[in-house]
Amino acid sequence: MFKLMRRGPRAFASKLALSVVALSTALASPVLAAGKTITAVMHSDLRIIDPIFTTAYITRDHGYMIYDTLVAPDSNFKIQPQMADWKISDDKLTYTFTLRDGLKWHDGAPVTAEDCVASLKRWAAVDGMGQKLLDFTASIEPTDAKTITLKLKEPYGLVLDSIGKPSSRVAFMMPKRLAETPPDKQIPEQIGSGPFKFVQSEFQPGVKAVYVKNTDYVPRKEPSSWTSGGKVVKVDRVEWITMPDSQTAVNALQSGDIDFVENLPYDMLPLLEANKDITIEVSNKFGFQTLGRMNFLYPPFDNVKVRRAAFLAINQKDVLDALVGNAKYQKVCGAFFVCDTPFATEAGAETLVKGNGMAEAKKALAESGYDGTPIVIMAPGDVTTLKAQPIVAAQLLREAGFKVDLQATDWQTVVSRRASQKPPKEGGWNMFFTNWVAADVSNPIANLSIGGQGKKGWFGWAENAKIEKLKDDFVRAASLDDQKKIAADIQKEAYEQVIYIPLGQYLLPSGWRKSLTGVLDGPATPLFWNVDKSE
């Protein structure tokens, strides 16, 4: 029904030329290290490089290159030691983490418990699961140079899952001097203890980001599994090349000018599947949930009746058909906490999944008191998985009777601008769209978008005391059945108040040259340790 807006030949040629220039500039780098180099086109340009400052996945991916975590999940969802091992007291109130030997920051200084405590506090101040963990925490202190002691007010079963979660924001460890930066300001340096080092001198936002092997990194001895285990780096250098035009990226992959493309365009899959030199796989088997988020601070979406009218106007099938257009990779799903999980329910999702809400939307908007205030929707055009949603939503909202100001931008501008609490007329916004890895939204505590913390919460700043109380009830629940009931109550409230609009699920294929081996899967991919490249 809906198609992406097509640019004219002049615009396409301009975009193509810029992509070619970016590629040639990156590949002609005078500082190319001897040895193996992987060149990759990621899903987005990298501009914000502080992984605590934003929830953007490209920044999380950057974080995994250079930072490490205290603990991490394996492919069986079990939390494993990473930088630290742990013990839990018999009364479940004290967690003692002990750093493993040989940990060093990229500047040569030893990693200390004091660094890690500061890192945990900075992360927990802004992350949804971190904030909930703090609610249950009496203290977290460095006991000695290698020991971190976390004491709880009452037992809380999600301590390790919170600290080890592979989602935005990740509890990455950094030196104390950086971790003491307020979380609403970006850190001034990129110093971690992880398997790669960031080459600041070669960082060109809009062109490339460069990482080199951290030769001082001592991997764990266990095999790599998701974000846990031995992070063994088998290449000397990884370059992320910015290439916003997907056709250019696919051509470069086929010619061998680049090695890896994170997001392959669905309409080009048949061409790539016929190429014997290309591997195509869905690395994240859990897929993604795409969603629309409104700004609760300003008209018209400060009015729940207007939010409700917008919700009724939008349906998942139109969005997914424009975004994916391939039944193999898309799924209509009305569950806030993802279909085929313990907390899945379709309650409240009828118009989204059946697409039968437009008449009701028009009636609701007429009765809402909506005064014709334009809806400012940010529409990034440089990320394959974020182009369709704002275009489709804008058309549906206009059909319902809204005035829409669809503002073309790039994704990194959205990432920066969505953090602004200014009115739309002063550079703010009314609505944006994003995607979450399904594993990140599969329960009420991990799902950052479901919060009701107002200005202390996620972009959009929904305030809902009922949801926050239900989340507390969820973590205190004695059984899975009790948790399921509470999760259903949270979903009911979220739909009634339109906390956000889930727009369905999809899988995303990646492609790489068969010269690459050891590409890992998991809920937070791509990961570049364990990957080798044949000459």
# chains A, B, ... in the order shown; residues from 1 in each chain; ligands from 1
>>> closest_atom_pairs(of="range 300-389 of chain A", to="range 434-455 of chain A", cutoff="10 Å", atoms="only C-alpha atoms", output="CSV")
residue,atom,partner,partner_atom,distance
A:Ala335,CA,A:Ser442,CA,9.3
A:Phe336,CA,A:Val441,CA,7.5
A:Phe337,CA,A:Ser442,CA,4.3
A:Val338,CA,A:Ser442,CA,5.6
A:Cys339,CA,A:Ser442,CA,8.7
A:Asp340,CA,A:Ser442,CA,9.7
A:Thr341,CA,A:Ser442,CA,7.1
A:Pro342,CA,A:Ser442,CA,8.6
A:Phe343,CA,A:Asn443,CA,6.8
A:Ala344,CA,A:Ser442,CA,8.4
A:Thr385,CA,A:Asn435,CA,8.0
A:Leu386,CA,A:Thr434,CA,6.7
A:Gln389,CA,A:Thr434,CA,8.6
>>> write_last_selection(atoms="C-alpha atoms", output="PDB file, in the first residue's frame")
ATOM      1  CA  ALA A 335       2.785  -7.755  22.492  1.00  0.00           C
ATOM      2  CA  PHE A 336       4.735  -4.980  24.195  1.00  0.00           C
ATOM      3  CA  PHE A 337       7.130  -7.626  25.542  1.00  0.00           C
ATOM      4  CA  VAL A 338       7.551  -9.471  22.228  1.00  0.00           C
ATOM      5  CA  CYS A 339       5.666 -12.432  20.820  1.00  0.00           C
ATOM      6  CA  ASP A 340       6.656 -15.994  21.748  1.00  0.00           C
ATOM      7  CA  THR A 341       8.011 -14.966  25.164  1.00  0.00           C
ATOM      8  CA  PRO A 342       6.598 -15.714  28.649  1.00  0.00           C
ATOM      9  CA  PHE A 343       5.100 -12.220  28.886  1.00  0.00           C
ATOM     10  CA  ALA A 344       3.453 -12.057  25.465  1.00  0.00           C
ATOM     11  CA  THR A 385      15.435   0.179   9.032  1.00  0.00           C
ATOM     12  CA  LEU A 386      14.129   3.628   9.982  1.00  0.00           C
ATOM     13  CA  GLN A 389       8.035   4.169   9.702  1.00  0.00           C
TER      14      GLN A 389
END
>>> residues_around(residues="Tyr95 in chain A", least_positions_apart="5", cutoff="9 Å", atoms="only C-alpha atoms", output="ChimeraX atom specification")
/A:86-89,148-152,159
>>> write_last_selection(atoms="all heavy atoms", output="short mmCIF file (atom, residue, chain, number, x, y, z; two decimals), in the first residue's frame")
data_model
loop_
_atom_site.label_atom_id
_atom_site.label_comp_id
_atom_site.auth_asym_id
_atom_site.auth_seq_id
_atom_site.Cartn_x
_atom_site.Cartn_y
_atom_site.Cartn_z
N TRP A 86 31.82 -13.43 41.15
CA TRP A 86 30.97 -12.89 42.22
C TRP A 86 30.57 -13.98 43.20
O TRP A 86 30.60 -15.17 42.90
CB TRP A 86 29.72 -12.22 41.64
CG TRP A 86 28.75 -13.21 41.04
CD1 TRP A 86 27.74 -13.89 41.68
CD2 TRP A 86 28.71 -13.64 39.68
NE1 TRP A 86 27.10 -14.72 40.80
CE2 TRP A 86 27.66 -14.58 39.58
CE3 TRP A 86 29.46 -13.33 38.54
CZ2 TRP A 86 27.35 -15.21 38.36
CZ3 TRP A 86 29.16 -13.95 37.34
CH2 TRP A 86 28.10 -14.87 37.26
N LYS A 87 30.19 -13.52 44.39
CA LYS A 87 29.58 -14.37 45.41
C LYS A 87 28.34 -13.64 45.96
O LYS A 87 28.32 -12.41 46.01
CB LYS A 87 30.56 -14.65 46.55
CG LYS A 87 31.75 -15.52 46.14
CD LYS A 87 32.66 -15.79 47.33
CE LYS A 87 33.84 -16.67 46.91
NZ LYS A 87 34.77 -16.93 48.06
N ILE A 88 27.34 -14.43 46.36
CA ILE A 88 26.10 -13.87 46.91
C ILE A 88 25.93 -14.40 48.32
O ILE A 88 26.08 -15.61 48.57
CB ILE A 88 24.88 -14.27 46.05
CG1 ILE A 88 25.11 -13.89 44.58
CG2 ILE A 88 23.61 -13.60 46.58
CD1 ILE A 88 24.03 -14.40 43.63
N SER A 89 25.65 -13.52 49.26
CA SER A 89 25.48 -13.94 50.65
C SER A 89 24.24 -14.81 50.81
O SER A 89 23.33 -14.78 49.98
CB SER A 89 25.38 -12.72 51.56
OG SER A 89 24.24 -11.94 51.23
N ILE A 148 34.36 -5.20 44.76
CA ILE A 148 33.19 -4.32 44.74
C ILE A 148 32.11 -4.98 45.58
O ILE A 148 31.78 -6.15 45.36
CB ILE A 148 32.67 -4.13 43.30
CG1 ILE A 148 33.78 -3.59 42.40
CG2 ILE A 148 31.44 -3.24 43.27
CD1 ILE A 148 33.59 -3.94 40.94
N THR A 149 31.55 -4.24 46.52
CA THR A 149 30.51 -4.80 47.38
C THR A 149 29.20 -4.04 47.17
O THR A 149 29.15 -2.82 47.36
CB THR A 149 30.91 -4.72 48.87
OG1 THR A 149 32.14 -5.44 49.05
CG2 THR A 149 29.83 -5.35 49.74
N LEU A 150 28.18 -4.77 46.75
CA LEU A 150 26.85 -4.19 46.53
C LEU A 150 25.91 -4.76 47.58
O LEU A 150 25.75 -5.99 47.67
CB LEU A 150 26.36 -4.54 45.12
CG LEU A 150 25.06 -3.89 44.64
CD1 LEU A 150 25.04 -3.80 43.11
CD2 LEU A 150 23.82 -4.67 45.09
N LYS A 151 25.33 -3.89 48.39
CA LYS A 151 24.39 -4.31 49.44
C LYS A 151 22.99 -3.83 49.09
O LYS A 151 22.79 -2.68 48.71
CB LYS A 151 24.83 -3.76 50.79
CG LYS A 151 26.15 -4.34 51.28
CD LYS A 151 26.50 -3.86 52.68
CE LYS A 151 27.79 -4.53 53.16
NZ LYS A 151 28.16 -4.12 54.54
N LEU A 152 22.03 -4.75 49.24
CA LEU A 152 20.64 -4.47 48.90
C LEU A 152 19.81 -4.15 50.14
O LEU A 152 20.13 -4.60 51.25
CB LEU A 152 20.02 -5.68 48.20
CG LEU A 152 20.65 -6.11 46.87
CD1 LEU A 152 20.06 -7.45 46.42
CD2 LEU A 152 20.45 -5.04 45.80
N VAL A 159 19.84 -8.55 39.89
CA VAL A 159 21.11 -7.83 40.03
C VAL A 159 22.06 -8.18 38.89
O VAL A 159 22.55 -7.31 38.17
CB VAL A 159 21.77 -8.14 41.39
CG1 VAL A 159 23.17 -7.53 41.45
CG2 VAL A 159 20.93 -7.59 42.54
#
>>> closest_residue(among="A:Val235, A:Thr137, A:Gly504, A:Phe53", to="Pro188 in chain A", atoms="only C-alpha atoms")
A:Phe53
>>> residues_around(residues="Asp50 in chain A", least_positions_apart="5", cutoff="7 Å", atoms="only C-alpha atoms", output="ChimeraX atom specification")
/A:59,186-187
>>> residues_around(residues="Glu493 in chain A", least_positions_apart="5", cutoff="12 Å", atoms="only C-alpha atoms", output="list in words")
Val304, Phe336, Ala347, Gly348, Ala349, Ile450, Gly451, Gly452, Asn464, Ala465, Lys466, Ile467, Glu468, Lys469, Leu470, Lys471, Ile486, Ala487, Ala488, Val498, Ile499 and Tyr500 of chain A
>>> write_last_selection(atoms="N, CA and C atoms", output="compact mmCIF listing (two decimals), in the first residue's frame")
# COMPACT_ATOMS: atom_id res chain seq x y z
N VAL A 304 -3.88 12.71 26.40
CA VAL A 304 -4.03 11.28 26.14
C VAL A 304 -5.08 11.00 25.07
N PHE A 336 3.69 -5.93 23.81
CA PHE A 336 4.73 -4.98 24.20
C PHE A 336 6.04 -5.70 24.51
N ALA A 347 -3.43 -8.30 24.33
CA ALA A 347 -4.46 -7.47 24.95
C ALA A 347 -4.24 -5.99 24.64
N GLY A 348 -5.29 -5.34 24.11
CA GLY A 348 -5.24 -3.91 23.80
C GLY A 348 -4.72 -3.58 22.43
N ALA A 349 -4.35 -4.60 21.63
CA ALA A 349 -3.65 -4.35 20.37
C ALA A 349 -4.53 -4.51 19.14
N ILE A 450 8.94 1.50 28.31
CA ILE A 450 7.69 1.30 29.05
C ILE A 450 7.64 2.11 30.35
N GLY A 451 8.73 2.78 30.66
CA GLY A 451 8.80 3.48 31.94
C GLY A 451 7.86 4.68 32.04
N GLY A 452 7.59 5.07 33.28
CA GLY A 452 6.74 6.22 33.55
C GLY A 452 7.39 7.21 34.48
N ASN A 464 4.00 8.06 34.59
CA ASN A 464 2.91 7.15 34.92
C ASN A 464 3.28 6.38 36.18
N ALA A 465 2.74 6.84 37.32
CA ALA A 465 3.05 6.23 38.61
C ALA A 465 2.52 4.81 38.69
N LYS A 466 1.41 4.53 38.01
CA LYS A 466 0.83 3.18 38.06
C LYS A 466 1.79 2.16 37.44
N ILE A 467 2.37 2.49 36.30
CA ILE A 467 3.32 1.58 35.66
C ILE A 467 4.55 1.37 36.54
N GLU A 468 5.05 2.44 37.15
CA GLU A 468 6.23 2.31 37.99
C GLU A 468 5.95 1.42 39.20
N LYS A 469 4.74 1.53 39.79
CA LYS A 469 4.39 0.65 40.90
C LYS A 469 4.27 -0.80 40.44
N LEU A 470 3.66 -1.00 39.27
CA LEU A 470 3.53 -2.36 38.75
C LEU A 470 4.89 -2.98 38.46
N LYS A 471 5.84 -2.18 38.02
CA LYS A 471 7.19 -2.69 37.79
C LYS A 471 7.83 -3.14 39.11
N ILE A 486 1.15 -9.44 36.12
CA ILE A 486 1.57 -8.05 36.28
C ILE A 486 2.00 -7.47 34.94
N ALA A 487 2.73 -8.25 34.15
CA ALA A 487 3.15 -7.78 32.82
C ALA A 487 1.94 -7.46 31.96
N ALA A 488 0.88 -8.27 32.05
CA ALA A 488 -0.35 -8.01 31.28
C ALA A 488 -1.01 -6.72 31.76
N VAL A 498 -1.14 5.07 25.87
CA VAL A 498 -0.29 5.17 24.68
C VAL A 498 1.12 5.60 25.07
N ILE A 499 1.73 4.79 25.92
CA ILE A 499 3.10 5.06 26.36
C ILE A 499 4.05 5.01 25.17
N TYR A 500 3.84 4.04 24.29
CA TYR A 500 4.45 4.04 22.96
C TYR A 500 3.62 3.13 22.07
>>> closest_residue(among="A:Ala56, A:Asp532, A:Tyr156, A:Phe433", to="Asp473 in chain A", atoms="only C-alpha atoms")
A:Tyr156
>>> residues_around(residues="range 511-524 of chain A", least_positions_apart="2", cutoff="9 Å", atoms="only C-alpha atoms", output="JSON, numbers by chain")
{"A": [38, 40, 57, 60, 61, 74, 75, 166, 167, 224, 225, 226, 227, 250, 253, 254, 256, 258, 259, 260, 261, 262, 263, 264, 272, 276, 277, 278, 279, 280, 281, 282, 283, 284, 285, 286, 287, 437, 438, 439, 440, 509, 526, 527, 528, 529, 530, 531, 532, 533, 534, 535]}
>>> select_by_dssp(residues="range 374-425 of chain A", states="alpha helix (DSSP H)", output="PDB file with N, CA and C atoms, in the first residue's frame")
ATOM      1  N   ALA A 388      11.020   3.905   6.607  1.00  0.00           N
ATOM      2  CA  ALA A 388       9.610   3.708   6.260  1.00  0.00           C
ATOM      3  C   ALA A 388       8.649   4.172   7.341  1.00  0.00           C
ATOM      4  N   GLN A 389       8.987   3.943   8.625  1.00  0.00           N
ATOM      5  CA  GLN A 389       8.035   4.169   9.702  1.00  0.00           C
ATOM      6  C   GLN A 389       7.475   5.593   9.739  1.00  0.00           C
ATOM      7  N   PRO A 390       8.318   6.642   9.708  1.00  0.00           N
ATOM      8  CA  PRO A 390       7.755   7.992   9.776  1.00  0.00           C
ATOM      9  C   PRO A 390       6.928   8.357   8.556  1.00  0.00           C
ATOM     10  N   ILE A 391       7.297   7.832   7.385  1.00  0.00           N
ATOM     11  CA  ILE A 391       6.549   8.146   6.170  1.00  0.00           C
ATOM     12  C   ILE A 391       5.155   7.537   6.227  1.00  0.00           C
ATOM     13  N   VAL A 392       5.088   6.258   6.602  1.00  0.00           N
ATOM     14  CA  VAL A 392       3.797   5.585   6.703  1.00  0.00           C
ATOM     15  C   VAL A 392       2.944   6.224   7.787  1.00  0.00           C
ATOM     16  N   ALA A 393       3.544   6.479   8.950  1.00  0.00           N
ATOM     17  CA  ALA A 393       2.786   7.079  10.050  1.00  0.00           C
ATOM     18  C   ALA A 393       2.251   8.456   9.661  1.00  0.00           C
ATOM     19  N   ALA A 394       3.069   9.247   8.984  1.00  0.00           N
ATOM     20  CA  ALA A 394       2.626  10.584   8.559  1.00  0.00           C
ATOM     21  C   ALA A 394       1.402  10.495   7.657  1.00  0.00           C
ATOM     22  N   GLN A 395       1.405   9.542   6.711  1.00  0.00           N
ATOM     23  CA  GLN A 395       0.262   9.386   5.815  1.00  0.00           C
ATOM     24  C   GLN A 395      -0.998   8.974   6.575  1.00  0.00           C
ATOM     25  N   LEU A 396      -0.839   8.052   7.507  1.00  0.00           N
ATOM     26  CA  LEU A 396      -1.990   7.586   8.283  1.00  0.00           C
ATOM     27  C   LEU A 396      -2.523   8.680   9.208  1.00  0.00           C
ATOM     28  N   LEU A 397      -1.635   9.433   9.824  1.00  0.00           N
ATOM     29  CA  LEU A 397      -2.068  10.513  10.713  1.00  0.00           C
ATOM     30  C   LEU A 397      -2.785  11.616   9.935  1.00  0.00           C
ATOM     31  N   ARG A 398      -2.278  11.925   8.765  1.00  0.00           N
ATOM     32  CA  ARG A 398      -2.970  12.913   7.927  1.00  0.00           C
ATOM     33  C   ARG A 398      -4.356  12.433   7.544  1.00  0.00           C
ATOM     34  N   GLU A 399      -4.471  11.144   7.223  1.00  0.00           N
ATOM     35  CA  GLU A 399      -5.777  10.593   6.864  1.00  0.00           C
ATOM     36  C   GLU A 399      -6.756  10.695   8.032  1.00  0.00           C
ATOM     37  N   ALA A 400      -6.227  10.592   9.255  1.00  0.00           N
ATOM     38  CA  ALA A 400      -7.082  10.687  10.438  1.00  0.00           C
ATOM     39  C   ALA A 400      -7.477  12.117  10.762  1.00  0.00           C
ATOM     40  N   TRP A 411      19.878   9.904  10.993  1.00  0.00           N
ATOM     41  CA  TRP A 411      19.604   9.247  12.267  1.00  0.00           C
ATOM     42  C   TRP A 411      20.402   9.856  13.415  1.00  0.00           C
ATOM     43  N   GLN A 412      21.646  10.234  13.193  1.00  0.00           N
ATOM     44  CA  GLN A 412      22.423  10.808  14.282  1.00  0.00           C
ATOM     45  C   GLN A 412      21.850  12.151  14.742  1.00  0.00           C
ATOM     46  N   THR A 413      21.221  12.884  13.822  1.00  0.00           N
ATOM     47  CA  THR A 413      20.520  14.102  14.237  1.00  0.00           C
ATOM     48  C   THR A 413      19.316  13.751  15.104  1.00  0.00           C
ATOM     49  N   VAL A 414      18.597  12.689  14.735  1.00  0.00           N
ATOM     50  CA  VAL A 414      17.478  12.235  15.567  1.00  0.00           C
ATOM     51  C   VAL A 414      17.982  11.854  16.954  1.00  0.00           C
ATOM     52  N   VAL A 415      19.082  11.101  17.000  1.00  0.00           N
ATOM     53  CA  VAL A 415      19.645  10.665  18.273  1.00  0.00           C
ATOM     54  C   VAL A 415      19.974  11.856  19.169  1.00  0.00           C
ATOM     55  N   SER A 416      20.511  12.917  18.577  1.00  0.00           N
ATOM     56  CA  SER A 416      20.836  14.118  19.348  1.00  0.00           C
ATOM     57  C   SER A 416      19.580  14.919  19.695  1.00  0.00           C
ATOM     58  N   ARG A 417      18.718  15.101  18.709  1.00  0.00           N
ATOM     59  CA  ARG A 417      17.568  15.986  18.880  1.00  0.00           C
ATOM     60  C   ARG A 417      16.510  15.405  19.805  1.00  0.00           C
TER      61      ARG A 417
END
>>> residues_around(residues="range 362-369 of chain A", least_positions_apart="5", cutoff="9 Å", atoms="only C-alpha atoms", output="number ranges by chain")
A: 303-310, 312-313, 357, 399-402
>>> closest_residue(among="A:Trp240, A:Tyr329, A:Phe296, A:Phe301", to="Gly457 in chain A", atoms="only C-alpha atoms")
A:Phe296
>>> closest_residue(among="A:Met174, A:Leu406, A:Ala252, A:Ala145", to="Thr112 in chain A", atoms="only C-alpha atoms")
A:Ala145
>>> residues_around(residues="Gly460 in chain A", least_positions_apart="2", cutoff="7 Å", atoms="only C-alpha atoms", output="PyMOL selection string")
chain A and resi 293-296+458+462
>>> write_last_selection(atoms="C-alpha atoms", output="PDB file, in the first residue's frame")
ATOM      1  CA  ARG A 293       7.293   7.313  20.555  1.00  0.00           C
ATOM      2  CA  MET A 294       5.457  10.557  21.292  1.00  0.00           C
ATOM      3  CA  ASN A 295       6.604  13.579  23.306  1.00  0.00           C
ATOM      4  CA  PHE A 296       4.463  13.840  26.446  1.00  0.00           C
ATOM      5  CA  TRP A 458      13.486   7.804  28.377  1.00  0.00           C
ATOM      6  CA  ALA A 462       6.046   9.674  29.887  1.00  0.00           C
TER       7      ALA A 462
END
>>> closest_residue(among="A:Lys485, A:Lys354, A:Lys425, A:Lys234", to="Gly35 in chain A", atoms="only C-alpha atoms")
A:Lys234
>>> select_by_dssp(residues="range 80-157 of chain A", states="strand (DSSP E)", output="count of residues only")
27
